[in-house]
Number of protein chains: 2
Amino acid sequence: MYPHSLTDLLYYKIMNKTYILESRPVGAPTTENFKLTDTELRDLQDGEVLLKALYISVDPYMRGRMSDAKSYVAPYEIGKPIVGGVVAEVVESRSSLYPKGAVVIGGLPWQQYSIHSGQGLHRVDPDVAPLSYYLGILGMPGQTAYFGLLHIGKPKAGETVVVSGAAGAVGTVVGQLAKLKGCRVVGVAGSDEKVAYLKDQLGFDEAINYKTTPDLNAAMAQACPNGVDVYFDNVGGPISDAVLLFINKFARIAICGQIAYYNNTAPATGMRVEPILLKKSALMKGFIVSDFASEFGTATKELATWVREGKLQYQETVKEGFEQLPEAFLGLFTGDNTGKLLVKVADLGS
Amino acid sequence: MYPHSLTDLLYYKIMNKTYILESRPVGAPTTENFKLTDTELRDLQDGEVLLKALYISVDPYMRGRMSDAKSYVAPYEIGKPIVGGVVAEVVESRSSLYPKGAVVIGGLPWQQYSIHSGQGLHRVDPDVAPLSYYLGILGMPGQTAYFGLLHIGKPKAGETVVVSGAAGAVGTVVGQLAKLKGCRVVGVAGSDEKVAYLKDQLGFDEAINYKTTPDLNAAMAQACPNGVDVYFDNVGGPISDAVLLFINKFARIAICGQIAYYNNTAPATGMRVEPILLKKSALMKGFIVSDFASEFGTATKELATWVREGKLQYQETVKEGFEQLPEAFLGLFTGDNTGKLLVKVADLGS
C-alpha cells in the first residue's frame, strides 16, 4: 500500500525529542528529574504505526509513577521515557488497525514521534469535540469525575457534595455533575480567581479558598449548613480533615487523589478517619478510573452529550511546545492551573 | 385481670438496685464512674409491665455513651441509670403487649426491676436457645458480625479474612462465618489462650497474639501469604495499621469498633489510611448494627440455624450477680474475656 522504501528513507531523517526519567524525585519533583534527548527514529516495520503527538497530558497521578514504591500503577524506569495520556495522529501506517490520518488516544511516551503496535489505543473523532477534550472532560479526568461521583458518591438531589481540588481537571467536572444531579455543591480551591470561576462560571453554590480562609473548619461549617453527604477527595491532608468533621450519617467519600502526600518520603500520618467513619456509618472508597474500564463507553457518550448540550462547561490551560512538558507537570503541584493542564505539541495534519 | 391492690402492695415492698452514671470517665473508666442505688419501686400503672432482669450485657460501645461527645448513640446522663442490652422476664403485666411470664430483650436500664411500656422490646423464645444467647450470638454481637462481614466484607471462597478482637463476642462469630464461606481466616487476639481457642476450637487458620509477637508486620505477612481481602476491624490502632499494609486490590474493610480510641481524650492521630485505600481501590465502611434493623429477622433465623446445626460455636463468660456489672464492664478494656461477657442477675421464673 505504501512506498515503503521512500517512507523508510524519510524516517531516517526524523529526529525525535523524548523526555526520559533522569532520576527519581525525593520530595517535590524538579526539572532535574527529567532529561531531554534527541535521537533518530528507527525504521517502521510491518504491523506498526508511526504516531505524531498532538497533545500530551500532565496529571497528578504521574508523580506516583516517578517513585519506585509499589503503587496502583507501575513505576517509570530510570533512563526510559515518561509515559502518560497522549492524543496522536497516525502519520504512517504499516498496520491494519489504524490508517494514516487516524487520530488515537492512549498511554504513550513523552515523545514527538513514537512507533507503536496500535494495540491498546482508542480512536477518537475530531468532529465530536476538540481533540484536547479527549485528555480532559471526555477522557481520564472526566471519566474519573463521572465514576467517582456517580458510582461511589451516589449523590441524591438535595444532598450536599464537597469536592477538593475543585478547580482542577477532575474537580470542575465533579461539581458540575453534582449540580446536574440537583445537589448543593461546595468546592475547595487555592485562589480567589478559582473560587470566582467555580461560583460565577460553573454554578457552584459555595467555594472556599483554603489558602486565605482564616479558619477552614468555620468556613466549612458555614458552607455546609446541612452537613456533608458526599465528599470527592482529590487532595487529602488538612482540607479533608476539615470536611470529615462535618459528614452526615451514611456519607460517601470517594478517594480520588491524595496530592498532599505524593511528595512524602515516609508513610503519612494525621487525623484518624476510622473513628469518624464508625460514628457516621460512612463509606470511604479509593478508586482509579481503570477500575471502571468496562463502562468507559457509556461514560464517554454521556459526558459528550452533556458537553454538546452546554450542561458541562470545560476549561483547559494549554501550554505550547514539547519542551514545556516538565514545567507544565511541576505546575500541577504549585496549584497555578485552572481546569485541565496539557501541552500542545503539534497541529493535526501539520 | 390482676389483683391490682395486692400486686401494688407487693411492689411497695420491692427494693430495686440500680447502677447510675456517677461521673464521666476521663480516659479509662473506673468503678468510681458507677454508683449503686437502692430505691423502692413505684406502682405499676395501666399499660405497663414490670420486668425482672435475668441477663445484662456489657459491651464496648457503651464506653462511648459514657462520654458526652456526640457519637452514634446518645450519651448517658449523669445521675441516670446506665442502659444496655438486657434479657428480662415479665413478672407482672398491665399491658396487652406482653403477658406475665414472657421473656423479652431490649435496651433497658441496669436495674434489677424496671417498669416499662413494652414498646421497642422483642420477645425471645427460651426453647430455641439459652436465653443468654440473645445477648450474644443471636443478638447484637452476632448480628454485628453477620452484617459487617456478609454485607460489607462480602467474602468470597478462597479469600483471606482478618478479624481483630478475634476472641470477643463479635470476632468469634466473624471468623466462624468466614470459615463457613470458605475463606482463609486469621484472628488477632491478646493471649496465647485466646489464640489456642481460635485455632483449636473455632477452626481459624491462623491467630496472632499481638501482645507477645515481636514483629506484628512480619507475623501478619506470614499469616496472610496471599494478602488480605477482607478486614473486620474491632480495635483500630497499631493492629489495624499492620493489617492495612497487606490489603489486596479491591479489599473491603468493615469498621465495627475502634476500642483503641474509646478512652482517648483528643481526636486520634496515626497512620493515614486514605493513601492506602487509594492505591488499592479499597473500601472502608463504618457501621452499627442498627443500620441493618430491617434485616434483623433474617439474620437471627440464619444464625440460630447455624448454631443448632453446630456450625457456629459459641462461648460466654457469665459473671454472677447484679453487683458484678461495673467490674464486668471494665474487664472489656483489659482483654480478660473470651467470647461474650455478660452478667447473670436472676433465674427465669425465680
# chains A, B, ... in the order shown; residues from 1 in each chain; ligands from 1
>>> interface_residues(of="chain A", to="chain B", cutoff="9 Å", atoms="only C-alpha atoms", output="ChimeraX atom specification")
/A:70-73,236,249-250,255-258,261-262,267-288,291
>>> residues_around(residues="Gly107 in chain B", least_positions_apart="4", cutoff="7 Å", atoms="only C-alpha atoms", output="PyMOL selection string")
chain B and resi 83-86
>>> write_last_selection(atoms="C-alpha atoms", output="short mmCIF file (atom, residue, chain, number, x, y, z; two decimals), in the first residue's frame")
data_model
loop_
_atom_site.label_atom_id
_atom_site.label_comp_id
_atom_site.auth_asym_id
_atom_site.auth_seq_id
_atom_site.Cartn_x
_atom_site.Cartn_y
_atom_site.Cartn_z
CA VAL B 83 -28.71 1.43 79.73
CA GLY B 84 -27.76 -1.60 77.68
CA GLY B 85 -28.89 -4.94 76.34
CA VAL B 86 -30.96 -6.89 78.87
#
>>> select_by_dssp(residues="range 80-214 of chain A", states="strand (DSSP E or B)", output="PyMOL selection string")
chain A and resi 81+83-93+103-109+111+113-116+122-123+160-164+168+184-189+206-209
>>> residues_around(residues="Asn337 in chain A", least_positions_apart="5", cutoff="8 Å", atoms="only C-alpha atoms", output="ChimeraX atom specification")
/A:168,317,331-332
>>> write_last_selection(atoms="N, CA and C atoms", output="compact mmCIF listing (two decimals), in the first residue's frame")
# COMPACT_ATOMS: atom_id res chain seq x y z
N GLY A 168 -9.58 21.88 39.47
CA GLY A 168 -8.76 21.06 38.60
C GLY A 168 -9.57 20.34 37.54
N THR A 317 -5.98 24.66 30.32
CA THR A 317 -4.80 25.50 30.24
C THR A 317 -3.83 24.76 29.33
N GLY A 331 3.88 22.42 37.51
CA GLY A 331 2.82 23.37 37.83
C GLY A 331 1.62 22.74 38.52
N LEU A 332 1.44 21.44 38.32
CA LEU A 332 0.33 20.74 38.98
C LEU A 332 0.44 20.84 40.49
>>> closest_residue(among="A:Pro109, A:Pro130, A:Gly47, A:Pro75", to="Arg24 in chain A", atoms="only C-alpha atoms")
A:Pro75
>>> residues_around(residues="range 294-309 of chain B", least_positions_apart="5", cutoff="12 Å", atoms="only C-alpha atoms", output="PyMOL selection string")
chain B and resi 122+124-125+127-130+133-148+150-151+173-174+176-177+180+289+314-315
>>> write_last_selection(atoms="N, CA and C atoms", output="compact mmCIF listing (two decimals), in the first residue's frame")
# COMPACT_ATOMS: atom_id res chain seq x y z
N HIS B 122 -38.43 -6.89 72.26
CA HIS B 122 -38.70 -8.03 71.39
C HIS B 122 -38.82 -9.28 72.26
N VAL B 124 -38.43 -13.14 73.14
CA VAL B 124 -37.49 -14.20 72.76
C VAL B 124 -38.03 -15.53 73.28
N ASP B 125 -37.57 -16.60 72.63
CA ASP B 125 -38.11 -17.93 72.92
C ASP B 125 -37.06 -18.76 73.67
N ASP B 127 -37.01 -21.74 74.30
CA ASP B 127 -36.86 -23.10 73.77
C ASP B 127 -35.92 -23.17 72.56
N VAL B 128 -35.72 -22.04 71.89
CA VAL B 128 -34.86 -22.03 70.70
C VAL B 128 -33.39 -22.06 71.08
N ALA B 129 -33.05 -21.34 72.12
CA ALA B 129 -31.64 -21.23 72.52
C ALA B 129 -31.61 -20.76 73.97
N PRO B 130 -30.50 -21.00 74.67
CA PRO B 130 -30.36 -20.45 76.02
C PRO B 130 -30.60 -18.94 75.99
N TYR B 133 -28.02 -16.36 74.99
CA TYR B 133 -27.58 -16.28 73.59
C TYR B 133 -28.18 -15.07 72.87
N TYR B 134 -29.34 -14.61 73.36
CA TYR B 134 -29.98 -13.46 72.72
C TYR B 134 -29.23 -12.15 72.97
N LEU B 135 -28.30 -12.18 73.93
CA LEU B 135 -27.41 -11.03 74.12
C LEU B 135 -26.09 -11.24 73.39
N GLY B 136 -25.94 -12.40 72.76
CA GLY B 136 -24.67 -12.72 72.14
C GLY B 136 -24.83 -13.12 70.69
N ILE B 137 -24.67 -14.39 70.45
CA ILE B 137 -24.59 -14.83 69.06
C ILE B 137 -25.89 -14.60 68.28
N LEU B 138 -27.03 -14.63 68.96
CA LEU B 138 -28.30 -14.36 68.26
C LEU B 138 -28.71 -12.90 68.39
N GLY B 139 -27.96 -12.13 69.16
CA GLY B 139 -28.34 -10.75 69.41
C GLY B 139 -27.38 -9.77 68.79
N MET B 140 -27.14 -8.70 69.49
CA MET B 140 -26.36 -7.60 68.94
C MET B 140 -24.98 -8.04 68.44
N PRO B 141 -24.20 -8.76 69.24
CA PRO B 141 -22.87 -9.12 68.73
C PRO B 141 -22.92 -10.05 67.52
N GLY B 142 -23.79 -11.05 67.57
CA GLY B 142 -23.91 -11.98 66.45
C GLY B 142 -24.36 -11.28 65.18
N GLN B 143 -25.33 -10.40 65.34
CA GLN B 143 -25.84 -9.68 64.18
C GLN B 143 -24.81 -8.68 63.65
N THR B 144 -24.04 -8.11 64.55
CA THR B 144 -22.97 -7.20 64.14
C THR B 144 -21.97 -7.95 63.26
N ALA B 145 -21.59 -9.15 63.70
CA ALA B 145 -20.67 -9.97 62.91
C ALA B 145 -21.30 -10.30 61.55
N TYR B 146 -22.55 -10.70 61.59
CA TYR B 146 -23.27 -11.13 60.39
C TYR B 146 -23.31 -10.01 59.34
N PHE B 147 -23.77 -8.84 59.76
CA PHE B 147 -23.94 -7.76 58.77
C PHE B 147 -22.61 -7.17 58.33
N GLY B 148 -21.70 -6.97 59.29
CA GLY B 148 -20.41 -6.39 58.94
C GLY B 148 -19.63 -7.28 57.99
N LEU B 150 -20.86 -10.06 56.15
CA LEU B 150 -21.53 -10.50 54.93
C LEU B 150 -22.00 -9.34 54.05
N HIS B 151 -22.41 -8.23 54.66
CA HIS B 151 -22.94 -7.12 53.86
C HIS B 151 -21.86 -6.10 53.47
N VAL B 173 -17.65 -14.84 66.08
CA VAL B 173 -18.69 -15.13 65.09
C VAL B 173 -18.21 -14.76 63.69
N VAL B 174 -17.51 -13.63 63.58
CA VAL B 174 -16.97 -13.21 62.28
C VAL B 174 -16.10 -14.32 61.69
N GLN B 176 -15.92 -17.53 62.36
CA GLN B 176 -16.63 -18.77 62.02
C GLN B 176 -17.50 -18.59 60.77
N LEU B 177 -18.12 -17.41 60.64
CA LEU B 177 -18.91 -17.15 59.42
C LEU B 177 -18.00 -17.15 58.20
N LEU B 180 -17.27 -20.61 57.26
CA LEU B 180 -18.45 -21.15 56.57
C LEU B 180 -18.48 -20.74 55.10
N VAL B 289 -24.92 -1.93 64.13
CA VAL B 289 -25.86 -2.99 63.78
C VAL B 289 -27.24 -2.45 63.44
N TYR B 314 -20.16 -21.25 70.24
CA TYR B 314 -20.40 -20.03 70.98
C TYR B 314 -19.87 -20.16 72.40
N GLN B 315 -19.17 -19.18 72.85
CA GLN B 315 -18.63 -19.19 74.20
C GLN B 315 -19.02 -17.91 74.93
>>> residues_around(residues="Ser23 in chain A", least_positions_apart="4", cutoff="8 Å", atoms="only C-alpha atoms", output="number ranges by chain")
A: 32-34, 78
>>> atom_distance(atom1="CA of Ser240 in chain A", atom2="CA of Ala221 in chain A")
13.4 Å
>>> residues_around(residues="range 204-215 of chain A", least_positions_apart="2", cutoff="6 Å", atoms="only C-alpha atoms", output="ChimeraX atom specification")
/A:185-191,195,198-199,202,217-218
>>> write_last_selection(atoms="N, CA and C atoms", output="mmCIF file, in the first residue's frame")
data_model
loop_
_atom_site.group_PDB
_atom_site.id
_atom_site.type_symbol
_atom_site.label_atom_id
_atom_site.label_comp_id
_atom_site.auth_asym_id
_atom_site.auth_seq_id
_atom_site.Cartn_x
_atom_site.Cartn_y
_atom_site.Cartn_z
ATOM 1 N N VAL A 185 -23.494 22.221 45.992
ATOM 2 C CA VAL A 185 -22.100 21.889 45.683
ATOM 3 C C VAL A 185 -21.157 22.926 46.275
ATOM 4 N N VAL A 186 -20.186 22.433 47.021
ATOM 5 C CA VAL A 186 -19.181 23.285 47.649
ATOM 6 C C VAL A 186 -17.803 22.837 47.168
ATOM 7 N N GLY A 187 -17.033 23.786 46.641
ATOM 8 C CA GLY A 187 -15.691 23.474 46.159
ATOM 9 C C GLY A 187 -14.625 24.070 47.060
ATOM 10 N N VAL A 188 -13.494 23.394 47.149
ATOM 11 C CA VAL A 188 -12.342 23.937 47.870
ATOM 12 C C VAL A 188 -11.220 24.092 46.851
ATOM 13 N N ALA A 189 -10.673 25.303 46.768
ATOM 14 C CA ALA A 189 -9.635 25.573 45.775
ATOM 15 C C ALA A 189 -8.631 26.545 46.374
ATOM 16 N N GLY A 190 -7.583 26.876 45.592
ATOM 17 C CA GLY A 190 -6.442 27.563 46.175
ATOM 18 C C GLY A 190 -6.218 29.002 45.749
ATOM 19 N N SER A 191 -7.207 29.658 45.135
ATOM 20 C CA SER A 191 -7.033 31.090 44.829
ATOM 21 C C SER A 191 -8.401 31.740 44.685
ATOM 22 N N VAL A 195 -11.935 30.430 42.983
ATOM 23 C CA VAL A 195 -13.204 30.489 43.715
ATOM 24 C C VAL A 195 -14.251 31.226 42.883
ATOM 25 N N LEU A 198 -15.386 29.040 39.946
ATOM 26 C CA LEU A 198 -16.290 27.955 40.347
ATOM 27 C C LEU A 198 -17.699 28.482 40.596
ATOM 28 N N LYS A 199 -17.794 29.620 41.279
ATOM 29 C CA LYS A 199 -19.116 30.142 41.634
ATOM 30 C C LYS A 199 -19.789 30.844 40.458
ATOM 31 N N LEU A 202 -19.196 28.150 36.859
ATOM 32 C CA LEU A 202 -19.632 26.752 36.898
ATOM 33 C C LEU A 202 -20.842 26.512 37.798
ATOM 34 N N ASN A 217 -12.320 25.118 59.297
ATOM 35 C CA ASN A 217 -13.476 24.444 59.891
ATOM 36 C C ASN A 217 -14.699 25.356 59.910
ATOM 37 N N ALA A 218 -14.478 26.620 60.285
ATOM 38 C CA ALA A 218 -15.598 27.566 60.328
ATOM 39 C C ALA A 218 -16.150 27.805 58.925
#
>>> residues_around(residues="Ile56 in chain B", least_positions_apart="6", cutoff="10 Å", atoms="only C-alpha atoms", output="ChimeraX atom specification")
/B:83-88,105,107-112,132,135,318-319,321-322,325,341-346
>>> write_last_selection(atoms="C-alpha atoms", output="PDB file, in the first residue's frame")
ATOM      1  CA  VAL B  83     -28.708   1.434  79.734  1.00  0.00           C
ATOM      2  CA  GLY B  84     -27.756  -1.599  77.677  1.00  0.00           C
ATOM      3  CA  GLY B  85     -28.894  -4.935  76.341  1.00  0.00           C
ATOM      4  CA  VAL B  86     -30.961  -6.887  78.871  1.00  0.00           C
ATOM      5  CA  VAL B  87     -32.942 -10.125  78.773  1.00  0.00           C
ATOM      6  CA  ALA B  88     -35.818  -9.770  81.243  1.00  0.00           C
ATOM      7  CA  ILE B 105     -34.964  -8.389  75.151  1.00  0.00           C
ATOM      8  CA  GLY B 107     -32.326  -1.665  75.692  1.00  0.00           C
ATOM      9  CA  LEU B 108     -33.063  -1.448  79.420  1.00  0.00           C
ATOM     10  CA  PRO B 109     -31.579   0.189  82.497  1.00  0.00           C
ATOM     11  CA  TRP B 110     -29.035  -1.564  84.697  1.00  0.00           C
ATOM     12  CA  GLN B 111     -31.721  -2.354  87.278  1.00  0.00           C
ATOM     13  CA  GLN B 112     -32.960  -5.489  88.940  1.00  0.00           C
ATOM     14  CA  SER B 132     -28.173 -15.546  77.299  1.00  0.00           C
ATOM     15  CA  LEU B 135     -27.411 -11.028  74.124  1.00  0.00           C
ATOM     16  CA  VAL B 318     -21.019 -15.175  82.628  1.00  0.00           C
ATOM     17  CA  LYS B 319     -20.406 -13.265  85.862  1.00  0.00           C
ATOM     18  CA  GLY B 321     -24.737 -11.206  90.466  1.00  0.00           C
ATOM     19  CA  PHE B 322     -26.032  -7.735  89.736  1.00  0.00           C
ATOM     20  CA  LEU B 325     -21.730  -5.177  86.481  1.00  0.00           C
ATOM     21  CA  LEU B 341     -19.141 -11.172  78.510  1.00  0.00           C
ATOM     22  CA  LEU B 342     -22.377 -10.780  80.466  1.00  0.00           C
ATOM     23  CA  VAL B 343     -23.812 -10.770  83.967  1.00  0.00           C
ATOM     24  CA  LYS B 344     -26.477 -13.149  85.232  1.00  0.00           C
ATOM     25  CA  VAL B 345     -28.818 -11.354  87.608  1.00  0.00           C
ATOM     26  CA  ALA B 346     -31.623 -13.855  88.233  1.00  0.00           C
TER      27      ALA B 346
END
>>> select_by_dssp(residues="range 48-224 of chain B", states="alpha helix (DSSP H)", output="number ranges by chain")
B: 62-66, 140-147, 171-180, 192-196, 216-223
>>> closest_residue(among="A:Phe246, A:Tyr113, A:Tyr231, A:Tyr76", to="Ala166 in chain A", atoms="only C-alpha atoms")
A:Tyr231
